[in-house]
There are 2 protein chains.
Amino acid sequence: MTRAKMTRIEEARAGNITEEMKEVALAEGVSPEFIRKGLANATIAINKNIVRKDLRPLAVGTGLKTKVNANIGSSQDHIDHSEEIEKLLVAERAGADAVMDLSTGGDVNAIRRRVLEESSVPIGTVPIYQAAHDARQKGKSFVELTPDDMFDVIEMQAAEGVDFITVHCGVTHSSLDRIKAEGRIMGVVSRGGALTSEWMTYNKAENPLFEQYDRLIEIAKRYDMVLSLGDGLRPGAIADATDRGQVQELITLGELAKRATDAGVSVMIEGPGHVPLDQIEANILLQKRLCHGAPFYVLGPLVTDIAPGYDHITSAIGGAIAAGKGADFLCYVTPSEHLRLPSVEDVREGVMAARIAAHAGDIVKGTGAGAGMERDRAMSRARKALDWDEQIRLSIDPERARAIRESSAPEDGDVCTMCGSLCAIKITSEGGGGGH
Amino acid sequence: MTRAKMTRIEEARAGNITEEMKEVALAEGVSPEFIRKGLANATIAINKNIVRKDLRPLAVGTGLKTKVNANIGSSQDHIDHSEEIEKLLVAERAGADAVMDLSTGGDVNAIRRRVLEESSVPIGTVPIYQAAHDARQKGKSFVELTPDDMFDVIEMQAAEGVDFITVHCGVTHSSLDRIKAEGRIMGVVSRGGALTSEWMTYNKAENPLFEQYDRLIEIAKRYDMVLSLGDGLRPGAIADATDRGQVQELITLGELAKRATDAGVSVMIEGPGHVPLDQIEANILLQKRLCHGAPFYVLGPLVTDIAPGYDHITSAIGGAIAAGKGADFLCYVTPSEHLRLPSVEDVREGVMAARIAAHAGDIVKGTGAGAGMERDRAMSRARKALDWDEQIRLSIDPERARAIRESSAPEDGDVCTMCGSLCAIKITSEGGGGGH
């Protein structure tokens, strides 16, 4: 069996700069020592299961470019293996840094294995989904699963090469009781959180992933797999944001992060969700403080609840602010969120919107490899020069930019059909003759 | 000739609450006295030319809901009168609060007159565009226009019923010299600013709209038309944001705002443009302070330059932050910005993105009629109740939400195809049986 001799954190703490750290440093434009130090103090996590030989490792964390994840995967209502592979490839082509396979319909093992085989980016999963799916296949309810059933799935997925897993270890009686006492509008909206909560109620027991957390650490350590500590109690309504249950869970995740990193296992912390504009900064600050600078992986946040069909936009607003304030990893949201399983085109739109948010945040992040506006400056210079090829080359989505431009050809190739000869750049470049 | 006996500001300062103030107060959910006070201290402007008898007046300013404007209009390269009318109607149906006709191609007088005739929202224009167009028609350059030519166009448009006009009065030698001395990447990017700047250089003269500002006030006063003081020097690159030239112009606009409102004419102040995330709040604060609380009408702001094809998203990010910090009126940006004249579909997308931004801002604005998250709460309750009809009804774009939902029918009508029976709401509502 493949087994990590030393994990990345252990190497880093021993003062070793590995080839992988050098590779990551090169990709990020930082020094290998910066990566080593970030791993050692657990502000950086590298996503790559040691089983995955050819995968380029993905670093996430403080001082690095903000990354983007795309969720794909079948559901019971929509099962098409090849479509999920198409989503994977479209997400990668659109620039996703990682992909999570959240399949819950059809032969989920087969889908995941194909995703792992075909992907060139790290793959994450939520093993509890497969556990729920397996139970259903056997005609059982999820609540009848044993802790061993859950850990068996985690072990299997880790052994197959999954690079990071979402585990909802912070859904405990302590946090759930607070959710109930406070009285949310939406209650628990994460699937993992809901399943765990129901399991706990039915079995009158603590969350096995919390109670047997050392077992989880042990599995993760063997594969140097990143534990993405899920926010099972994330708000699903802006009215529910930053409440006592959510913050209680985050405190627990901070404690669990410490236990994992002390044991040499890297973690990321997952965050909300639905959050009004003015609470985003506080959420980032809280996470960074309570979790001692652990990489923060946010879903959205969506800044309003009323825009189904446009939640790639509501989440780009929140994601940009979050990234600017220090979130490290944005999970995309597609236009289909709250309405249906995303289509292939939705995946593309979602990745683009999240990349825009990540970049807008990186511009102002202040420090780190992604910081600054060099590409924006280059674009502005190309605009000033009326250099359309360069503008398209520098676009976040050159294919789309070119298609829109070519759909409406100006008489004068220097300008565009918005302003024609009244192009401000053209007028001021040419001087007094403007306005003809 | 129709002529306002007293303007709104004069009525308000005389302590009179007019029928119009009551109508606006009702629409905004505030007291008539609040509107009167806002008019009197010029923190609220009501857009409605007195010539336009049947138009519902639109109030913009402090303590009111954030409004959205859509720009339409032909260009030399794309002239289709009926398409522009279609854009007007689509913008209105999508929820735009105002529309600006920026036509510069074909028979611009005919287009504007039809727009005024067909519209049920206030109409704005940039009269200098028509002046430039008229010059071109006569085989002249814009720089050869006389100040009288410019004022004649303004007078004609005001008499026809245009509700608000953008006038780039702050483009002066003082601000232009500072732009030149500082050395921008993009220079002057607004069409009005570029035309004015070229006119000034060619004629070795000050901006006529600045120099003969009292003449402008006199025309506006006759029709109680709002002067939207344009930011001809707005940054067109995030690297150029908040520079000395931009701020110099804003200082001048503040002074001009005072002169207009002292004379009983309402103003709005136009703002950028391309602004990185972390400078938006400062831009709002500066405008509100330098212009003594005058309504702020922003274009975007776009938080990155590199996303042509997605600038409705880059501007929704900036617009949401701006609205949350006090911007009163958002000018939409469409996916075609920087690439071509927008299509009818682009107009719809642009309005929706700007409305999302306006609403996200209103949620956190803290005070005023739009503040708060009541509609979001209602949506969240509908989600919790798995009430799909209500969710669609409460959506910002019910048509789109319904279409997406209906494109992918779940087996169980309670849920959606994203999660199927693993729907967190369903699981937690039903209790222990979850996961089947």
# chains A, B, ... in the order shown; residues from 1 in each chain; ligands from 1
$ select_by_dssp --residues "segment 12-126 of chain B" --states "strand (DSSP E)" --output "short mmCIF file (atom, residue, chain, number, x, y, z; two decimals) with N, CA, C and O atoms, in the first residue's frame"
data_model
loop_
_atom_site.label_atom_id
_atom_site.label_comp_id
_atom_site.auth_asym_id
_atom_site.auth_seq_id
_atom_site.Cartn_x
_atom_site.Cartn_y
_atom_site.Cartn_z
N ILE B 44 -32.12 64.55 -2.32
CA ILE B 44 -33.04 63.79 -3.17
C ILE B 44 -33.32 64.62 -4.43
O ILE B 44 -33.51 65.83 -4.34
N ALA B 45 -33.30 63.95 -5.57
CA ALA B 45 -33.70 64.60 -6.82
C ALA B 45 -34.87 63.82 -7.40
O ALA B 45 -34.88 62.59 -7.34
N ILE B 46 -35.85 64.54 -7.92
CA ILE B 46 -36.97 63.87 -8.59
C ILE B 46 -36.83 64.07 -10.09
O ILE B 46 -36.71 65.21 -10.55
N ASN B 47 -36.81 62.96 -10.80
CA ASN B 47 -36.64 63.02 -12.25
C ASN B 47 -37.99 63.00 -12.94
O ASN B 47 -38.68 61.98 -12.96
N LEU B 58 -39.63 59.88 -10.68
CA LEU B 58 -38.66 58.96 -10.06
C LEU B 58 -37.76 59.74 -9.11
O LEU B 58 -37.01 60.62 -9.53
N ALA B 59 -37.81 59.35 -7.85
CA ALA B 59 -36.95 59.99 -6.86
C ALA B 59 -35.68 59.17 -6.67
O ALA B 59 -35.71 57.94 -6.66
N VAL B 60 -34.57 59.87 -6.55
CA VAL B 60 -33.26 59.24 -6.36
C VAL B 60 -32.57 59.97 -5.23
O VAL B 60 -32.54 61.21 -5.24
N GLY B 61 -32.03 59.23 -4.29
CA GLY B 61 -31.26 59.92 -3.25
C GLY B 61 -31.24 59.21 -1.91
O GLY B 61 -31.70 58.06 -1.78
N LYS B 67 -31.72 52.94 -7.25
CA LYS B 67 -32.35 52.81 -8.55
C LYS B 67 -31.36 52.33 -9.60
O LYS B 67 -30.15 52.40 -9.41
N VAL B 68 -31.94 51.88 -10.73
CA VAL B 68 -31.14 51.31 -11.81
C VAL B 68 -31.47 51.99 -13.14
O VAL B 68 -32.65 52.15 -13.47
N ASN B 69 -30.46 52.38 -13.84
CA ASN B 69 -30.64 52.97 -15.17
C ASN B 69 -30.07 52.05 -16.25
O ASN B 69 -29.02 51.43 -16.06
N ALA B 70 -30.76 52.00 -17.38
CA ALA B 70 -30.26 51.24 -18.54
C ALA B 70 -29.98 52.20 -19.69
O ALA B 70 -30.83 53.02 -20.02
N ASN B 71 -28.80 52.09 -20.27
CA ASN B 71 -28.48 52.89 -21.45
C ASN B 71 -28.88 52.15 -22.72
O ASN B 71 -28.57 50.97 -22.88
N ILE B 72 -29.56 52.86 -23.59
CA ILE B 72 -29.86 52.30 -24.91
C ILE B 72 -29.41 53.32 -25.94
O ILE B 72 -28.87 54.37 -25.59
N ALA B 98 -35.02 53.85 -14.90
CA ALA B 98 -34.83 54.96 -15.83
C ALA B 98 -34.06 54.42 -17.02
O ALA B 98 -33.42 53.35 -16.93
N VAL B 99 -34.14 55.14 -18.13
CA VAL B 99 -33.43 54.74 -19.33
C VAL B 99 -32.76 55.98 -19.93
O VAL B 99 -33.37 57.05 -19.97
N MET B 100 -31.52 55.81 -20.35
CA MET B 100 -30.87 56.90 -21.07
C MET B 100 -30.78 56.53 -22.54
O MET B 100 -30.34 55.42 -22.89
N ASP B 101 -31.20 57.45 -23.39
CA ASP B 101 -31.06 57.24 -24.84
C ASP B 101 -29.78 57.94 -25.28
O ASP B 101 -29.70 59.17 -25.27
N ILE B 123 -36.52 59.54 -18.83
CA ILE B 123 -35.52 59.38 -19.88
C ILE B 123 -34.41 60.41 -19.70
O ILE B 123 -34.67 61.60 -19.50
N GLY B 124 -33.18 59.92 -19.76
CA GLY B 124 -32.03 60.80 -19.73
C GLY B 124 -31.32 60.79 -21.07
O GLY B 124 -31.49 59.87 -21.87
N THR B 125 -30.54 61.84 -21.31
CA THR B 125 -29.73 61.91 -22.54
C THR B 125 -28.39 62.55 -22.21
O THR B 125 -28.20 63.08 -21.11
#
$ select_by_dssp --residues "segment 14-212 of chain A" --states "alpha helix (DSSP H)" --output "number ranges by chain"
A: 19-28, 32-40, 81-94, 108-118, 127-137, 147-160, 173-182, 191-203, 208-211
$ residues_around --residues "Gly183 of chain B" --least-positions-apart "6" --cutoff "10 Å" --atoms "only C-alpha atoms" --output "list in words"
Asp240, Asp243 and Gly245 of chain B
$ atom_distance --atom1 "atom CA of Ala316 of chain A" --atom2 "atom CA of Ile280 of chain A"
12.6 Å
$ closest_residue --among "A:Ala194, A:Leu302, A:Met352, A:Leu116" --to "Glu399 of chain A" --atoms "only C-alpha atoms"
A:Met352
$ atom_distance --atom1 "atom CA of Gln130 of chain B" --atom2 "atom CA of Arg215 of chain B"
18.6 Å
$ closest_residue --among "B:Ala110, B:Ala27, B:Leu290, B:Ala241" --to "chain A" --atoms "only C-alpha atoms"
B:Ala241
$ closest_residue --among "B:Gly264, B:Pro308, B:Gly230, B:Gly350" --to "chain A" --atoms "only C-alpha atoms"
B:Pro308
$ decode --residues "segment 35-65 of chain A" --atoms "N, CA, C and O atoms" --output "mmCIF file, in the first residue's frame"
data_model
loop_
_atom_site.group_PDB
_atom_site.id
_atom_site.type_symbol
_atom_site.label_atom_id
_atom_site.label_comp_id
_atom_site.auth_asym_id
_atom_site.auth_seq_id
_atom_site.Cartn_x
_atom_site.Cartn_y
_atom_site.Cartn_z
ATOM 1 N N ILE A 35 6.507 28.710 0.809
ATOM 2 C CA ILE A 35 5.606 27.549 0.809
ATOM 3 C C ILE A 35 5.896 26.653 2.021
ATOM 4 O O ILE A 35 4.974 26.209 2.721
ATOM 5 N N ARG A 36 7.167 26.415 2.260
ATOM 6 C CA ARG A 36 7.530 25.561 3.404
ATOM 7 C C ARG A 36 6.981 26.126 4.702
ATOM 8 O O ARG A 36 6.352 25.433 5.501
ATOM 9 N N LYS A 37 7.184 27.409 4.855
ATOM 10 C CA LYS A 37 6.740 28.066 6.079
ATOM 11 C C LYS A 37 5.209 28.019 6.208
ATOM 12 O O LYS A 37 4.670 27.784 7.288
ATOM 13 N N GLY A 38 4.523 28.241 5.079
ATOM 14 C CA GLY A 38 3.063 28.209 5.077
ATOM 15 C C GLY A 38 2.522 26.827 5.424
ATOM 16 O O GLY A 38 1.511 26.696 6.129
ATOM 17 N N LEU A 39 3.209 25.786 4.933
ATOM 18 C CA LEU A 39 2.799 24.421 5.288
ATOM 19 C C LEU A 39 3.060 24.182 6.778
ATOM 20 O O LEU A 39 2.215 23.620 7.484
ATOM 21 N N ALA A 40 4.220 24.620 7.226
ATOM 22 C CA ALA A 40 4.607 24.374 8.622
ATOM 23 C C ALA A 40 3.627 25.039 9.592
ATOM 24 O O ALA A 40 3.227 24.440 10.591
ATOM 25 N N ASN A 41 3.207 26.255 9.277
ATOM 26 C CA ASN A 41 2.276 26.926 10.205
ATOM 27 C C ASN A 41 0.818 26.744 9.779
ATOM 28 O O ASN A 41 -0.085 27.378 10.326
ATOM 29 N N ALA A 42 0.618 25.877 8.807
ATOM 30 C CA ALA A 42 -0.738 25.461 8.392
ATOM 31 C C ALA A 42 -1.586 26.595 7.826
ATOM 32 O O ALA A 42 -2.808 26.542 7.853
ATOM 33 N N THR A 43 -0.944 27.616 7.273
ATOM 34 C CA THR A 43 -1.703 28.645 6.557
ATOM 35 C C THR A 43 -1.779 28.318 5.070
ATOM 36 O O THR A 43 -2.432 29.018 4.307
ATOM 37 N N ILE A 44 -1.064 27.277 4.666
ATOM 38 C CA ILE A 44 -1.133 26.793 3.285
ATOM 39 C C ILE A 44 -1.396 25.296 3.317
ATOM 40 O O ILE A 44 -0.814 24.572 4.133
ATOM 41 N N ALA A 45 -2.291 24.838 2.438
ATOM 42 C CA ALA A 45 -2.527 23.398 2.280
ATOM 43 C C ALA A 45 -2.241 23.051 0.822
ATOM 44 O O ALA A 45 -2.602 23.816 -0.079
ATOM 45 N N ILE A 46 -1.588 21.933 0.609
ATOM 46 C CA ILE A 46 -1.364 21.476 -0.762
ATOM 47 C C ILE A 46 -2.285 20.292 -1.026
ATOM 48 O O ILE A 46 -2.291 19.315 -0.278
ATOM 49 N N ASN A 47 -3.071 20.419 -2.072
ATOM 50 C CA ASN A 47 -4.037 19.378 -2.410
ATOM 51 C C ASN A 47 -3.451 18.441 -3.449
ATOM 52 O O ASN A 47 -3.289 18.816 -4.615
ATOM 53 N N LYS A 48 -3.136 17.247 -3.011
ATOM 54 C CA LYS A 48 -2.706 16.187 -3.919
ATOM 55 C C LYS A 48 -2.525 14.920 -3.102
ATOM 56 O O LYS A 48 -1.607 14.831 -2.285
ATOM 57 N N ASN A 49 -3.377 13.978 -3.348
ATOM 58 C CA ASN A 49 -3.264 12.665 -2.698
ATOM 59 C C ASN A 49 -2.003 11.997 -3.230
ATOM 60 O O ASN A 49 -1.719 12.066 -4.436
ATOM 61 N N ILE A 50 -1.236 11.364 -2.357
ATOM 62 C CA ILE A 50 0.038 10.779 -2.812
ATOM 63 C C ILE A 50 -0.166 9.653 -3.824
ATOM 64 O O ILE A 50 0.742 9.299 -4.558
ATOM 65 N N VAL A 51 -1.394 9.131 -3.880
ATOM 66 C CA VAL A 51 -1.700 8.085 -4.865
ATOM 67 C C VAL A 51 -1.714 8.667 -6.290
ATOM 68 O O VAL A 51 -1.452 7.960 -7.257
ATOM 69 N N ARG A 52 -1.991 9.941 -6.408
ATOM 70 C CA ARG A 52 -2.147 10.585 -7.721
ATOM 71 C C ARG A 52 -0.773 11.037 -8.222
ATOM 72 O O ARG A 52 -0.325 12.151 -7.946
ATOM 73 N N LYS A 53 -0.164 10.189 -9.004
ATOM 74 C CA LYS A 53 1.228 10.437 -9.361
ATOM 75 C C LYS A 53 1.420 11.647 -10.283
ATOM 76 O O LYS A 53 2.329 12.434 -10.093
ATOM 77 N N ASP A 54 0.590 11.758 -11.304
ATOM 78 C CA ASP A 54 0.870 12.767 -12.332
ATOM 79 C C ASP A 54 0.226 14.131 -12.092
ATOM 80 O O ASP A 54 0.361 15.036 -12.894
ATOM 81 N N LEU A 55 -0.498 14.220 -11.006
ATOM 82 C CA LEU A 55 -1.255 15.460 -10.774
ATOM 83 C C LEU A 55 -0.344 16.608 -10.358
ATOM 84 O O LEU A 55 0.545 16.435 -9.545
ATOM 85 N N ARG A 56 -0.628 17.788 -10.900
ATOM 86 C CA ARG A 56 0.074 18.981 -10.457
ATOM 87 C C ARG A 56 -0.520 19.388 -9.116
ATOM 88 O O ARG A 56 -1.739 19.563 -9.003
ATOM 89 N N PRO A 57 0.308 19.524 -8.079
ATOM 90 C CA PRO A 57 -0.231 19.860 -6.751
ATOM 91 C C PRO A 57 -0.826 21.267 -6.729
ATOM 92 O O PRO A 57 -0.324 22.157 -7.410
ATOM 93 N N LEU A 58 -1.893 21.428 -5.972
ATOM 94 C CA LEU A 58 -2.552 22.746 -5.880
ATOM 95 C C LEU A 58 -2.426 23.287 -4.463
ATOM 96 O O LEU A 58 -2.935 22.696 -3.513
ATOM 97 N N ALA A 59 -1.764 24.422 -4.358
ATOM 98 C CA ALA A 59 -1.619 25.054 -3.048
ATOM 99 C C ALA A 59 -2.720 26.082 -2.849
ATOM 100 O O ALA A 59 -3.083 26.805 -3.773
ATOM 101 N N VAL A 60 -3.239 26.127 -1.644
ATOM 102 C CA VAL A 60 -4.314 27.062 -1.278
ATOM 103 C C VAL A 60 -3.930 27.700 0.048
ATOM 104 O O VAL A 60 -3.554 26.987 0.967
ATOM 105 N N GLY A 61 -4.011 29.013 0.125
ATOM 106 C CA GLY A 61 -3.763 29.620 1.432
ATOM 107 C C GLY A 61 -3.205 31.022 1.369
ATOM 108 O O GLY A 61 -3.142 31.646 0.297
ATOM 109 N N THR A 62 -2.795 31.492 2.499
ATOM 110 C CA THR A 62 -2.341 32.876 2.667
ATOM 111 C C THR A 62 -1.161 33.210 1.758
ATOM 112 O O THR A 62 -0.198 32.448 1.681
ATOM 113 N N GLY A 63 -1.264 34.336 1.080
ATOM 114 C CA GLY A 63 -0.157 34.797 0.248
ATOM 115 C C GLY A 63 -0.132 34.187 -1.137
ATOM 116 O O GLY A 63 0.759 34.471 -1.928
ATOM 117 N N LEU A 64 -1.136 33.356 -1.438
ATOM 118 C CA LEU A 64 -1.198 32.715 -2.754
ATOM 119 C C LEU A 64 -2.402 33.252 -3.526
ATOM 120 O O LEU A 64 -3.307 33.847 -2.945
ATOM 121 N N LYS A 65 -2.410 33.009 -4.823
ATOM 122 C CA LYS A 65 -3.568 33.413 -5.621
ATOM 123 C C LYS A 65 -4.831 32.742 -5.090
ATOM 124 O O LYS A 65 -4.797 31.594 -4.639
#
